[in-house]
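Source file: input.txt; contents: compact mmCIF, N, CA and C atoms.
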# COMPACT_ATOMS: atom_id res chain seq x y z
N MET U 21 -71.97 -117.05 105.60
CA MET U 21 -71.29 -118.29 105.48
C MET U 21 -69.84 -118.09 105.86
N HIS U 22 -69.28 -119.08 106.48
CA HIS U 22 -67.88 -119.01 106.88
C HIS U 22 -67.11 -120.12 106.19
N GLY U 23 -66.09 -119.76 105.42
CA GLY U 23 -65.28 -120.74 104.69
C GLY U 23 -64.23 -121.37 105.59
N VAL U 24 -64.64 -122.30 106.43
CA VAL U 24 -63.71 -122.88 107.41
C VAL U 24 -62.60 -123.68 106.75
N ASP U 25 -62.81 -124.19 105.54
CA ASP U 25 -61.76 -124.95 104.87
C ASP U 25 -60.59 -124.07 104.42
N VAL U 26 -60.82 -122.77 104.29
CA VAL U 26 -59.76 -121.87 103.86
C VAL U 26 -59.35 -120.88 104.95
N GLU U 27 -60.02 -120.89 106.06
CA GLU U 27 -59.72 -119.96 107.16
C GLU U 27 -58.28 -120.16 107.65
N ARG U 28 -57.61 -119.06 107.84
CA ARG U 28 -56.22 -118.98 108.33
C ARG U 28 -55.19 -119.58 107.39
N ARG U 29 -55.59 -120.01 106.22
CA ARG U 29 -54.66 -120.57 105.25
C ARG U 29 -54.22 -119.53 104.22
N ARG U 30 -54.99 -118.46 104.12
CA ARG U 30 -54.73 -117.39 103.16
C ARG U 30 -54.66 -117.92 101.73
N LEU U 31 -55.60 -118.81 101.41
CA LEU U 31 -55.65 -119.41 100.08
C LEU U 31 -56.62 -118.70 99.15
N GLY U 32 -57.26 -117.68 99.66
CA GLY U 32 -58.25 -116.97 98.86
C GLY U 32 -59.65 -117.51 99.13
N ILE U 33 -60.63 -116.80 98.62
CA ILE U 33 -62.03 -117.17 98.82
C ILE U 33 -62.36 -118.38 97.94
N ASP U 34 -63.15 -119.28 98.47
CA ASP U 34 -63.59 -120.47 97.74
C ASP U 34 -64.67 -120.04 96.76
N GLU U 35 -64.26 -119.62 95.58
CA GLU U 35 -65.19 -119.06 94.60
C GLU U 35 -66.17 -120.11 94.08
N ALA U 36 -65.73 -121.35 93.94
CA ALA U 36 -66.64 -122.40 93.46
C ALA U 36 -67.79 -122.60 94.45
N LEU U 37 -67.48 -122.59 95.72
CA LEU U 37 -68.52 -122.73 96.75
C LEU U 37 -69.45 -121.53 96.73
N MET U 38 -68.91 -120.34 96.58
CA MET U 38 -69.75 -119.15 96.53
C MET U 38 -70.70 -119.18 95.33
N LYS U 39 -70.21 -119.60 94.18
CA LYS U 39 -71.06 -119.68 92.99
C LYS U 39 -72.15 -120.73 93.17
N LEU U 40 -71.80 -121.86 93.77
CA LEU U 40 -72.77 -122.92 94.02
C LEU U 40 -73.88 -122.43 94.93
N LEU U 41 -73.50 -121.80 96.05
CA LEU U 41 -74.51 -121.31 96.98
C LEU U 41 -75.31 -120.15 96.40
N GLY U 42 -74.64 -119.28 95.65
CA GLY U 42 -75.33 -118.16 95.02
C GLY U 42 -76.40 -118.61 94.05
N ALA U 43 -76.13 -119.71 93.34
CA ALA U 43 -77.10 -120.23 92.38
C ALA U 43 -78.23 -120.99 93.08
N ALA U 44 -77.94 -121.56 94.25
CA ALA U 44 -78.92 -122.42 94.92
C ALA U 44 -79.82 -121.66 95.90
N LEU U 45 -79.34 -120.53 96.41
CA LEU U 45 -80.09 -119.83 97.45
C LEU U 45 -80.66 -118.51 96.92
N PRO U 46 -81.89 -118.19 97.28
CA PRO U 46 -82.50 -116.94 96.83
C PRO U 46 -82.09 -115.74 97.69
N LEU U 47 -81.31 -115.96 98.72
CA LEU U 47 -80.92 -114.90 99.64
C LEU U 47 -79.49 -114.44 99.40
N PRO U 48 -79.16 -113.19 99.74
CA PRO U 48 -77.77 -112.74 99.66
C PRO U 48 -76.90 -113.54 100.63
N ILE U 49 -75.65 -113.70 100.27
CA ILE U 49 -74.71 -114.46 101.11
C ILE U 49 -73.58 -113.54 101.54
N THR U 50 -73.23 -113.60 102.81
CA THR U 50 -72.06 -112.91 103.32
C THR U 50 -71.01 -113.98 103.60
N TYR U 51 -69.84 -113.82 103.03
CA TYR U 51 -68.78 -114.82 103.12
C TYR U 51 -67.69 -114.32 104.05
N ALA U 52 -67.15 -115.21 104.86
CA ALA U 52 -66.03 -114.87 105.75
C ALA U 52 -65.01 -115.98 105.69
N GLY U 53 -63.75 -115.61 105.62
CA GLY U 53 -62.68 -116.60 105.70
C GLY U 53 -61.91 -116.74 104.40
N GLY U 54 -60.60 -116.93 104.51
CA GLY U 54 -59.77 -117.27 103.37
C GLY U 54 -59.15 -116.12 102.61
N ALA U 55 -59.52 -114.88 102.89
CA ALA U 55 -58.96 -113.76 102.14
C ALA U 55 -57.44 -113.72 102.31
N SER U 56 -56.74 -113.55 101.19
CA SER U 56 -55.29 -113.50 101.25
C SER U 56 -54.73 -112.15 100.85
N VAL U 57 -55.47 -111.42 100.02
CA VAL U 57 -55.05 -110.09 99.60
C VAL U 57 -56.26 -109.17 99.62
N LEU U 58 -56.02 -107.89 99.61
CA LEU U 58 -57.09 -106.91 99.68
C LEU U 58 -58.10 -107.09 98.53
N GLU U 59 -57.64 -107.53 97.36
CA GLU U 59 -58.53 -107.72 96.22
C GLU U 59 -59.55 -108.84 96.45
N ASP U 60 -59.31 -109.71 97.42
CA ASP U 60 -60.28 -110.77 97.74
C ASP U 60 -61.54 -110.21 98.38
N LEU U 61 -61.46 -109.00 98.91
CA LEU U 61 -62.61 -108.45 99.62
C LEU U 61 -63.61 -107.80 98.71

Using structure tokens, write down the structure from this file.
Amino acid sequence: MHGVDVERRRLGIDEALMKLLGAALPLPITYAGGASVLEDL
């Protein structure tokens, strides 16, 4: 998944979206976009 709403803004990962998708999908998710600091990875 690519977080286009946070891409290039350096606002951090959209954790609410990740939790929503993690709960709804039985598959692992790879997230890209929005990282602002190394701890976001």

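Picture a line from atom N of U:Asp34 to atom C of U:Ile49; it runs 12.3 Å.
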
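Our summary of the geometry notes that atom CA of U:Gly42 is positioned 22.2 Å from atom C of U:Ser56.
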
Two-atom distance - atom CA of U:Glu59, atom CA of U:Pro46 (Å):
25.7 Å

Any chance you could model all heavy atoms for stretch 36-47 of chain U and send them as a CSV table (one decimal), keeping the file's coordinate frame?
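Output contents, as saved in out.csv:
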chain,number,residue,atom,x,y,z
U,36,ALA,N,-65.7,-121.4,93.9
U,36,ALA,CA,-66.6,-122.4,93.5
U,36,ALA,C,-67.8,-122.6,94.4
U,36,ALA,O,-68.9,-122.7,94.0
U,36,ALA,CB,-65.9,-123.7,93.3
U,37,LEU,N,-67.5,-122.6,95.7
U,37,LEU,CA,-68.5,-122.7,96.8
U,37,LEU,C,-69.4,-121.5,96.7
U,37,LEU,O,-70.7,-121.7,96.8
U,37,LEU,CB,-67.9,-122.9,98.1
U,37,LEU,CG,-68.8,-123.0,99.3
U,37,LEU,CD1,-69.8,-124.2,99.1
U,37,LEU,CD2,-68.1,-123.1,100.6
U,38,MET,N,-68.9,-120.3,96.6
U,38,MET,CA,-69.8,-119.2,96.5
U,38,MET,C,-70.7,-119.2,95.3
U,38,MET,O,-71.9,-118.8,95.4
U,38,MET,CB,-68.9,-117.9,96.5
U,38,MET,CG,-68.1,-117.6,97.8
U,38,MET,SD,-69.2,-117.4,99.2
U,38,MET,CE,-70.2,-116.0,98.6
U,39,LYS,N,-70.2,-119.6,94.2
U,39,LYS,CA,-71.1,-119.7,93.0
U,39,LYS,C,-72.2,-120.7,93.2
U,39,LYS,O,-73.3,-120.5,92.8
U,39,LYS,CB,-70.2,-120.0,91.8
U,39,LYS,CG,-69.4,-118.8,91.3
U,39,LYS,CD,-68.5,-119.2,90.1
U,39,LYS,CE,-67.6,-118.0,89.8
U,39,LYS,NZ,-66.8,-118.3,88.6
U,40,LEU,N,-71.8,-121.9,93.8
U,40,LEU,CA,-72.8,-122.9,94.0
U,40,LEU,C,-73.9,-122.4,94.9
U,40,LEU,O,-75.1,-122.6,94.6
U,40,LEU,CB,-72.1,-124.1,94.6
U,40,LEU,CG,-73.0,-125.3,95.0
U,40,LEU,CD1,-73.5,-126.0,93.8
U,40,LEU,CD2,-72.2,-126.3,95.9
U,41,LEU,N,-73.5,-121.8,96.0
U,41,LEU,CA,-74.5,-121.3,97.0
U,41,LEU,C,-75.3,-120.2,96.4
U,41,LEU,O,-76.5,-120.0,96.6
U,41,LEU,CB,-73.8,-120.9,98.3
U,41,LEU,CG,-73.3,-122.0,99.1
U,41,LEU,CD1,-72.5,-121.5,100.3
U,41,LEU,CD2,-74.3,-123.0,99.6
U,42,GLY,N,-74.6,-119.3,95.6
U,42,GLY,CA,-75.3,-118.2,95.0
U,42,GLY,C,-76.4,-118.6,94.0
U,42,GLY,O,-77.5,-118.0,93.9
U,43,ALA,N,-76.1,-119.7,93.3
U,43,ALA,CA,-77.1,-120.2,92.4
U,43,ALA,C,-78.2,-121.0,93.1
U,43,ALA,O,-79.4,-121.0,92.6
U,43,ALA,CB,-76.4,-121.2,91.4
U,44,ALA,N,-77.9,-121.6,94.2
U,44,ALA,CA,-78.9,-122.4,94.9
U,44,ALA,C,-79.8,-121.7,95.9
U,44,ALA,O,-80.9,-122.1,96.2
U,44,ALA,CB,-78.2,-123.5,95.7
U,45,LEU,N,-79.3,-120.5,96.4
U,45,LEU,CA,-80.1,-119.8,97.4
U,45,LEU,C,-80.7,-118.5,96.9
U,45,LEU,O,-80.0,-117.8,96.2
U,45,LEU,CB,-79.2,-119.5,98.6
U,45,LEU,CG,-78.6,-120.8,99.3
U,45,LEU,CD1,-77.6,-120.4,100.4
U,45,LEU,CD2,-79.7,-121.6,99.9
U,46,PRO,N,-81.9,-118.2,97.3
U,46,PRO,CA,-82.5,-116.9,96.8
U,46,PRO,C,-82.1,-115.7,97.7
U,46,PRO,O,-82.5,-114.6,97.4
U,46,PRO,CB,-84.0,-117.2,97.0
U,46,PRO,CG,-84.1,-118.2,98.1
U,46,PRO,CD,-82.9,-119.0,98.0
U,47,LEU,N,-81.3,-116.0,98.7
U,47,LEU,CA,-80.9,-114.9,99.6
U,47,LEU,C,-79.5,-114.4,99.4
U,47,LEU,O,-78.7,-115.2,98.9
U,47,LEU,CB,-81.0,-115.4,101.1
U,47,LEU,CG,-82.4,-115.9,101.5
U,47,LEU,CD1,-82.3,-116.6,102.9
U,47,LEU,CD2,-83.4,-114.8,101.5
